[in-house]
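J.: Have a look at the structure that comes next, please.
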Amino acid sequence: MVCCIALCGIIAIYFYGEADDLSAGIPVLNYHEVEDHKKNPLALSIKDFDDQMAYLHSRGYTAITSDQLFDYLISGSRLPAKPVLITFDDGYANNYTNAYPILKKYGFTASIFLISDVIGQNPWYMNWDQVREMRQQGFQFGSHTLSHVDLTQVSPEEAELQLVKSREGIEWRLDTQVKYFAYPGGAYNEHIHKLLEKANYQAAFSVKFGRVQKGSELLALERIPIFKSKWTFLDFYVRLNFTKAVGWMKAAKEAI
């Protein structure tokens, strides 16, 4: 199997040997934690995250908001030459203490999807004062449900409650409309899509690998998950610059 996967990689590089340009879509990076001394692959070290943001800055990327991406998809609004949407799921405290200063250093913002019931209640997560400060600095906040449930595994009534009350709670705290959602665990189905529309969300982000393009499904927008690994920066570089090739390899691996 390893040989087959390696062969798939060689084929992908052969066909997609050039780095993707923006005609391949808009990269939406998906992070969770920025924290040293954690073995969790979802927790990048502070240096690794800084290195990645420094790379984006040095290559002329501009961090856009979820609103800018949505307007581009719906009405063709202009985007900067090299847009990137930086997203975080969950709302961990280290998004404020560690990621936020780095993002500010490079002039970037991000969209953060909050598990709303734990904000200000659990020290592992941000508090509302921190969220408000980031909001004033141009960061955008969306919903990640009340309690990070798999919406496909609960009753329709519970799923609707999670969607509506999380949105309402964030709106009440921030005095701003919440338009965007990220699926806990990436789980969704057609029924959840209908509930999202009923709850007045404009778009939702999945963990489906790829770039967002004109024609992408608004309630299942693609992202590029970024993990800690043995070669964290190389993995980031390849996922960002060769998204098509990585997607091809992932599909080939799943088919084996």
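The chains in the structure tokens are called A, B, ... from first to last as shown; in each chain the residues are counted from 1, and the ligands are counted from 1 in the order shown.
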Listing only residues of segment 172-196 of chain A within 12 Å of segment 52-71 of chain A, what is the closest atom pair and its distance in Å (to one decimal) for each, using only C-alpha atoms, sorted by chain and residue number ascending, as a Markdown table?
T.:
| residue | atom | partner | partner_atom | distance |
| --- | --- | --- | --- | --- |
| A:Gln177 | CA | A:Asp67 | CA | 11.2 |
| A:Val178 | CA | A:Asp67 | CA | 10.6 |
| A:Lys179 | CA | A:Asp67 | CA | 8.6 |
| A:Tyr180 | CA | A:Ser66 | CA | 7.6 |
| A:Phe181 | CA | A:Ser66 | CA | 10.3 |
| A:Ala182 | CA | A:Ser66 | CA | 11.6 |
J.: Output C-alpha atoms of each residue in that selection to a file, as an mmCIF file, in the first residue's frame.
T.:
data_model
loop_
_atom_site.group_PDB
_atom_site.id
_atom_site.type_symbol
_atom_site.label_atom_id
_atom_site.label_comp_id
_atom_site.auth_asym_id
_atom_site.auth_seq_id
_atom_site.Cartn_x
_atom_site.Cartn_y
_atom_site.Cartn_z
ATOM 1 C CA GLN A 177 -24.979 39.376 12.964
ATOM 2 C CA VAL A 178 -23.577 35.841 12.887
ATOM 3 C CA LYS A 179 -23.737 34.550 9.323
ATOM 4 C CA TYR A 180 -21.296 31.652 9.178
ATOM 5 C CA PHE A 181 -20.992 28.190 10.683
ATOM 6 C CA ALA A 182 -18.391 25.418 10.888
#
J.: Would you mind listing what lies within 12 Å of segment 157-164 of chain A as a ChimeraX atom specification, with only C-alpha atoms counted and same-chain residues fewer than 5 positions away left out?
T.: /A:114-117,142-152,169-171,178-184,187-189,191-201,204
J.: Counting only C-alpha atoms, which of A:Phe139, A:Trp231, A:Trp172, A:Tyr96 gets nearest to His32 of chain A?
T.: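 Selected residue with least distance to His32 of chain A: A:Tyr96.
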J.: List every residue of segment 36-109 of chain A that DSSP, applied to the backbone of this structure, places in strand (DSSP E), and write the result as a list in words.
T.: Ala43, Leu44, Thr62, Ala63, Pro83, Val84, Leu85, Ile86, Thr87, Phe88, Asp89 and Asp90 of chain A
J.: Just asking: which residues within segment 39-231 of chain A are alpha helix (DSSP H) according to DSSP, as a ChimeraX atom specification?
T.: /A:46-58,66-75,93-94,100-105,128-136,156-174,190-198
J.: Find the nearest atom pair between each residue of segment 28-100 of chain A and segment 205-217 of chain A for residues within 9 Å, count only C-alpha atoms, give distances in Å to one decimal, sort rows by chain and ascending number, and present the table as JSON lines.
T.:
{"residue": "A:Val28", "atom": "CA", "partner": "A:Arg211", "partner_atom": "CA", "distance": 6.6}
{"residue": "A:Asn30", "atom": "CA", "partner": "A:Val207", "partner_atom": "CA", "distance": 8.2}
{"residue": "A:Leu69", "atom": "CA", "partner": "A:Val212", "partner_atom": "CA", "distance": 8.8}
{"residue": "A:Tyr72", "atom": "CA", "partner": "A:Lys214", "partner_atom": "CA", "distance": 8.2}
{"residue": "A:Leu73", "atom": "CA", "partner": "A:Lys214", "partner_atom": "CA", "distance": 5.6}
{"residue": "A:Ile74", "atom": "CA", "partner": "A:Lys214", "partner_atom": "CA", "distance": 8.4}
{"residue": "A:Gly76", "atom": "CA", "partner": "A:Lys214", "partner_atom": "CA", "distance": 8.7}
J.: Could you write out that same residue set with N, CA and C atoms as a PDB file, in the first residue's frame?
T.:
ATOM      1  N   VAL A  28      -8.667  28.397   2.101  1.00  0.00           N
ATOM      2  CA  VAL A  28      -9.232  28.666   3.425  1.00  0.00           C
ATOM      3  C   VAL A  28      -8.523  27.736   4.396  1.00  0.00           C
ATOM      4  N   ASN A  30      -7.490  25.998   7.883  1.00  0.00           N
ATOM      5  CA  ASN A  30      -8.245  25.589   9.069  1.00  0.00           C
ATOM      6  C   ASN A  30      -7.286  25.198  10.194  1.00  0.00           C
ATOM      7  N   LEU A  69     -15.224  36.662   1.266  1.00  0.00           N
ATOM      8  CA  LEU A  69     -15.325  35.431   0.496  1.00  0.00           C
ATOM      9  C   LEU A  69     -16.754  35.214   0.013  1.00  0.00           C
ATOM     10  N   TYR A  72     -17.669  37.540  -2.806  1.00  0.00           N
ATOM     11  CA  TYR A  72     -17.015  37.104  -4.035  1.00  0.00           C
ATOM     12  C   TYR A  72     -17.790  35.956  -4.681  1.00  0.00           C
ATOM     13  N   LEU A  73     -18.238  35.005  -3.869  1.00  0.00           N
ATOM     14  CA  LEU A  73     -18.940  33.844  -4.405  1.00  0.00           C
ATOM     15  C   LEU A  73     -20.327  34.207  -4.926  1.00  0.00           C
ATOM     16  N   ILE A  74     -20.999  35.141  -4.256  1.00  0.00           N
ATOM     17  CA  ILE A  74     -22.370  35.483  -4.606  1.00  0.00           C
ATOM     18  C   ILE A  74     -22.445  36.518  -5.728  1.00  0.00           C
ATOM     19  N   GLY A  76     -19.457  38.206  -7.155  1.00  0.00           N
ATOM     20  CA  GLY A  76     -18.227  38.451  -7.896  1.00  0.00           C
ATOM     21  C   GLY A  76     -17.441  39.645  -7.417  1.00  0.00           C
TER      22      GLY A  76
END
J.: Go ahead and compute the interatomic distance for atom CA of Thr109 of chain A and atom CA of Ile46 of chain A, in Å to one decimal.
T.: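 Rounded to one decimal, the two atoms are 16.7 Å apart.
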J.: Just checking: using only C-alpha atoms, which residue out of A:His37, A:Ile102, A:Asn94, A:Gln140 ends up closest to Tyr125 of chain A?
T.: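 Using only C-alpha atoms, the shortest distance to Tyr125 of chain A belongs to A:Asn94.
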J.: Measuring atom to atom with only C-alpha atoms, identify which of A:Arg132, A:Arg78, A:Lys47, A:Arg223 is nearest to Ala99 of chain A.
T.: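 Using only C-alpha atoms, Ala99 of chain A sits closest to A:Lys47.
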J.: Which residue is closest to Val238 of chain A? Choose from A:Gly25, A:Gly107, A:Pro80, A:Pro225 and count only C-alpha atoms.
T.: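 Of all the options, A:Pro225 lies closest to Val238 of chain A.
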J.: Which residue out of A:Leu174, A:Val154, A:Ala24, A:Leu221 has the minimum interatomic distance to Phe242 of chain A when only C-alpha atoms are used?
T.: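 For Phe242 of chain A, the nearest of the given residues is A:Ala24.
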J.: Would you mind reading off the distance between atom CA of Leu234 of chain A and atom CA of Pro41 of chain A, one decimal, in Å?
T.: 14.8 Å
